[in-house]
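What follows is the content of input.txt, which has compact mmCIF, C-alpha atoms:
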# COMPACT_ATOMS: atom_id res chain seq x y z
CA MET X 1 36.09 84.77 -2.50
CA LYS X 2 33.18 83.90 -0.19
CA PHE X 3 30.88 85.92 -2.46
CA ILE X 4 32.06 84.00 -5.56
CA LEU X 5 31.59 80.62 -3.83
CA ALA X 6 28.13 81.66 -2.65
CA ALA X 7 27.23 82.75 -6.21
CA ILE X 8 28.50 79.46 -7.68
CA GLY X 9 26.53 77.55 -5.03
CA ALA X 10 23.37 79.51 -5.85
CA ILE X 11 23.78 78.84 -9.58
CA ALA X 12 24.32 75.13 -8.92
CA ILE X 13 21.20 74.95 -6.73
CA SER X 14 19.15 76.91 -9.30
CA SER X 15 20.24 74.71 -12.20
CA HIS X 16 19.49 71.60 -10.11
CA LEU X 17 15.99 72.90 -9.41
CA LEU X 18 15.47 73.65 -13.11
CA MET X 19 16.61 70.15 -14.06
CA ALA X 20 14.39 68.60 -11.38
CA GLY X 21 11.43 70.52 -12.76
CA SER X 22 11.30 69.00 -16.22
CA LEU X 23 10.39 65.45 -17.11
CA THR X 24 13.13 63.02 -17.94
CA GLN X 25 12.95 61.81 -21.53
CA ARG X 26 12.19 58.33 -20.24
CA ASP X 27 9.23 59.56 -18.16
CA ARG X 28 7.91 61.55 -21.11
CA ASP X 29 8.30 58.60 -23.51
CA ASN X 30 6.58 56.22 -21.07
CA LEU X 31 3.68 58.60 -20.55
CA VAL X 32 3.21 59.29 -24.27
CA SER X 33 3.39 55.57 -25.10
CA HIS X 34 0.82 54.66 -22.46
CA LEU X 35 -1.62 57.35 -23.59
CA GLN X 36 -1.23 56.29 -27.24
CA MET X 37 -1.72 52.64 -26.31
CA THR X 38 -4.92 53.15 -24.33
CA GLU X 39 -6.50 55.42 -26.93
CA SER X 40 -5.90 53.07 -29.86
CA TRP X 41 -6.73 49.98 -27.77
CA LEU X 42 -10.12 51.35 -26.69
CA ILE X 43 -11.01 52.29 -30.27
CA ASP X 44 -9.97 48.82 -31.49
CA GLU X 45 -12.03 47.06 -28.79
CA VAL X 46 -15.22 49.04 -29.42
CA SER X 47 -15.25 49.95 -33.12
CA GLY X 48 -17.27 47.60 -35.26
CA LEU X 49 -19.44 46.22 -32.45
CA SER X 50 -23.13 45.85 -33.15
CA ALA X 51 -25.85 47.60 -31.14
CA ALA X 52 -26.66 44.25 -29.46
CA GLN X 53 -23.02 43.78 -28.47
CA LEU X 54 -22.71 47.35 -27.16
CA GLN X 55 -25.87 46.92 -25.07
CA PHE X 56 -25.15 43.39 -23.76
CA ARG X 57 -25.32 43.21 -19.96
CA MET X 58 -23.63 40.25 -18.22
CA ALA X 59 -25.75 40.67 -15.09
CA PRO X 60 -28.31 43.22 -13.83
CA ASP X 61 -25.71 45.06 -11.73
CA ARG X 62 -23.00 45.15 -14.46
CA TRP X 63 -22.32 47.79 -17.10
CA THR X 64 -22.68 47.34 -20.83
CA ILE X 65 -19.80 48.22 -23.17
CA ALA X 66 -21.66 51.38 -24.13
CA GLU X 67 -21.88 52.33 -20.44
CA VAL X 68 -18.17 51.67 -19.93
CA VAL X 69 -17.41 54.13 -22.74
CA GLN X 70 -19.85 56.63 -21.24
CA HIS X 71 -18.15 56.27 -17.84
CA LEU X 72 -14.82 57.22 -19.44
CA VAL X 73 -16.47 60.24 -21.09
CA ILE X 74 -17.90 61.37 -17.72
CA ALA X 75 -14.94 60.54 -15.45
CA GLU X 76 -11.81 61.45 -17.38
CA PRO X 77 -12.52 65.19 -17.74
CA THR X 78 -12.86 65.37 -13.95
CA TYR X 79 -9.51 63.58 -13.58
CA TRP X 80 -7.90 65.96 -16.10
CA GLN X 81 -9.24 68.88 -14.05
CA LEU X 82 -7.80 67.29 -10.92
CA LEU X 83 -4.37 67.30 -12.59
CA LYS X 84 -4.71 70.93 -13.71
CA ASP X 85 -5.81 71.97 -10.21
CA GLY X 86 -2.79 70.18 -8.72
CA MET X 87 -0.50 72.15 -11.04
CA LYS X 88 -1.98 75.45 -9.78
CA HIS X 89 -0.77 74.77 -6.23
CA PRO X 90 2.81 75.38 -5.12
CA PRO X 91 5.18 72.41 -5.51
CA GLU X 92 4.64 69.84 -2.80
CA HIS X 93 6.18 66.53 -1.78
CA LEU X 94 3.81 63.94 -0.31
CA GLU X 95 4.80 62.03 2.81
CA LYS X 96 3.05 58.91 1.51
CA GLN X 97 3.02 58.60 -2.25
CA ALA X 98 2.24 55.79 -4.67
CA THR X 99 5.04 54.48 -6.84
CA ASP X 100 4.88 54.48 -10.63
CA ALA X 101 4.55 50.69 -10.40
CA ASP X 102 1.48 51.11 -8.14
CA VAL X 103 -0.11 53.38 -10.72
CA LEU X 104 0.64 50.96 -13.58
CA TRP X 105 -0.65 48.01 -11.54
CA TYR X 106 -3.97 49.81 -11.03
CA GLY X 107 -4.54 49.51 -14.78
CA VAL X 108 -4.18 45.73 -14.88
CA ASN X 109 -5.45 44.55 -11.50
CA ARG X 110 -9.13 43.77 -12.02
CA VAL X 111 -9.31 41.50 -8.95
CA ARG X 112 -10.64 44.29 -6.75
CA HIS X 113 -13.67 46.12 -8.12
CA GLU X 114 -14.44 49.57 -6.81
CA LYS X 115 -17.85 51.20 -6.96
CA THR X 116 -17.70 54.53 -8.75
CA GLU X 117 -19.26 57.70 -7.40
CA PRO X 118 -22.92 58.13 -8.45
CA TYR X 119 -22.20 61.08 -10.76
CA LYS X 120 -19.75 58.90 -12.75
CA ASP X 121 -22.12 55.93 -12.99
CA PRO X 122 -23.43 55.68 -16.57
CA LYS X 123 -26.00 52.94 -15.89
CA GLY X 124 -29.32 53.68 -17.51
CA GLN X 125 -28.07 56.68 -19.50
CA LYS X 126 -28.80 56.95 -23.21
CA VAL X 127 -25.41 56.49 -24.81
CA ASP X 128 -24.20 57.31 -28.30
CA VAL X 129 -20.98 55.31 -28.44
CA HIS X 130 -19.63 57.05 -31.55
CA GLN X 131 -20.15 60.45 -29.97
CA GLY X 132 -18.61 59.13 -26.75
CA LEU X 133 -15.52 57.88 -28.59
CA ASP X 134 -15.17 61.27 -30.30
CA SER X 135 -15.23 63.01 -26.90
CA PHE X 136 -12.76 60.49 -25.54
CA ARG X 137 -10.39 61.02 -28.50
CA LYS X 138 -10.49 64.80 -28.12
CA LEU X 139 -9.57 64.71 -24.45
CA HIS X 140 -6.90 62.05 -24.94
CA GLY X 141 -5.45 64.12 -27.78
CA LEU X 142 -5.24 67.10 -25.46
CA MET X 143 -3.54 65.04 -22.73
CA LEU X 144 -1.18 63.48 -25.25
CA GLU X 145 -0.11 66.88 -26.57
CA TYR X 146 0.43 68.08 -23.00
CA ALA X 147 2.55 65.00 -22.22
CA ARG X 148 4.63 65.55 -25.37
CA THR X 149 5.28 69.26 -24.87
CA THR X 150 4.94 70.36 -21.24
CA ASP X 151 7.91 71.82 -19.41
CA GLU X 152 5.94 72.03 -16.17
CA ASP X 153 7.27 70.31 -13.06
CA LEU X 154 4.95 67.31 -12.99
CA ARG X 155 7.12 65.42 -10.52
CA GLY X 156 7.24 68.38 -8.11
CA HIS X 157 3.48 68.94 -7.90
CA ALA X 158 1.18 66.70 -5.89
CA VAL X 159 -2.37 65.56 -6.53
CA THR X 160 -3.18 64.91 -2.90
CA GLU X 161 -6.62 63.37 -3.53
CA TRP X 162 -4.93 60.42 -5.22
CA GLY X 163 -1.67 60.38 -3.25
CA VAL X 164 0.40 60.82 -6.42
CA ASP X 165 2.50 63.44 -8.14
CA ALA X 166 1.12 65.16 -11.26
CA TYR X 167 3.08 62.90 -13.60
CA GLN X 168 1.54 59.85 -11.92
CA CYS X 169 -1.89 61.48 -12.06
CA LEU X 170 -1.68 61.78 -15.85
CA LEU X 171 -0.40 58.21 -16.05
CA GLU X 172 -3.25 57.07 -13.81
CA ILE X 173 -5.82 58.66 -16.12
CA SER X 174 -4.41 56.41 -18.83
CA THR X 175 -4.31 53.34 -16.56
CA HIS X 176 -7.93 54.08 -15.63
CA THR X 177 -8.75 53.74 -19.33
CA GLN X 178 -6.75 50.51 -19.47
CA ARG X 179 -8.65 49.14 -16.47
CA HIS X 180 -11.95 49.71 -18.28
CA ILE X 181 -10.63 48.29 -21.55
CA LEU X 182 -10.00 45.09 -19.61
CA GLN X 183 -13.57 45.34 -18.31
CA ILE X 184 -14.76 45.55 -21.94
CA ARG X 185 -12.72 42.45 -22.75
CA GLU X 186 -14.35 40.62 -19.84
CA ILE X 187 -17.79 41.51 -21.23
CA LYS X 188 -16.78 40.30 -24.71
CA ALA X 189 -15.48 37.02 -23.26
CA ASP X 190 -18.78 36.24 -21.51
CA SER X 191 -20.55 33.14 -22.84
CA GLY X 192 -23.74 35.13 -23.45
CA PHE X 193 -22.06 37.87 -25.49
CA PRO X 194 -23.85 38.19 -28.85
CA LYS X 195 -21.98 36.87 -31.87
CA ALA X 196 -23.08 39.90 -33.89

Written as structure tokens, how would this file's structure read?
Amino acid sequence: MKFILAAIGAIAISSHLLMAGSLTQRDRDNLVSHLQMTESWLIDEVSGLSAAQLQFRMAPDRWTIAEVVQHLVIAEPTYWQLLKDGMKHPPEHLEKQATDADVLWYGVNRVRHEKTEPYKDPKGQKVDVHQGLDSFRKLHGLMLEYARTTDEDLRGHAVTEWGVDAYQCLLEISTHTQRHILQIREIKADSGFPKA
């Protein structure tokens, strides 16, 4: 009898671990929706802009729209690699971890501006925006497919550099895009922004 109870207990624990390992449908839907939103929103904001509009600089220390796109092309592959590296490590629970709301808020809170690392700073680079958007689309397509199909335990793996789990890391890549889309909108709203 003890053996049977132990076996039932082991099965229950195993099935709980299996269930904990996969994304809830709600998490998956939220992630997919956010990635779809930021991809189409960026394309909508940038497509059809003239060369003068893409190269407009609000102030000497500010980025142009073309440079914002280039920053996404440089930065997001490194963030994607950060996620993949986090998934290679054994499952881990962080003592201090951001909430999903914290990650979403990062995408909309433009009050605090952070200076990017020099290797992700696009200022002064020659930028082909159409080529940049193609690169962006390819990577976002890859992340979107991963979000739609993965059975990996994104909630159980940590990305310690960001203080998030792997699910939140993928969401934060998308909110990083959103943050820079809002930067593009700020540039477009400037009084000196070219009409065409």

Q.
Using all atoms listed in the file, can you tell me which of X:Leu170, X:Ala158, X:Leu182, X:Leu82 comes closest to Val111 (chain X)?
A. X:Leu182

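Going from CA of Leu35 (chain X) to CA of Gln55 (chain X) covers 26.4 Å.
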
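Of the residues under consideration (X:Gly141, X:Gly86, X:Gly48, X:Pro77), X:Gly86 shows the shortest atom-to-atom contact distance to Val164 (chain X) when counting all atoms listed in the file.
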
Q | X:Lys84, X:Lys138, X:Lys126, X:Lys188 ranked by distance to Glu39 (chain X), top pick (using all atoms listed in the file) | A |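 Counting all atoms listed in the file, the residue closest to Glu39 (chain X) is X:Lys138.
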
Q | Atom-to-atom span, CA of Gly163 (chain X) and CA of Gln97 (chain X), Å | A |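 So the two atoms, CA of Gly163 (chain X) and CA of Gln97 (chain X), lie 5.1 Å apart.
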
Q | Å distance separating CA of Lys120 (chain X) from CA of Leu72 (chain X), one decimal place | A |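 Taking CA of Lys120 (chain X) and CA of Leu72 (chain X), their separation equals 8.5 Å.
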
Q. Which is closer to Phe193 (chain X) than all the others in X:Arg26, X:His89, X:Ala52, X:Leu42, using only C-alpha atoms?
A.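 Closest to Phe193 (chain X) of all the choices is X:Ala52.
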
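Closest to Gln183 (chain X) among X:Asp151, X:Asp165, X:Glu67, X:Glu95 is X:Glu67, based on only C-alpha atoms.
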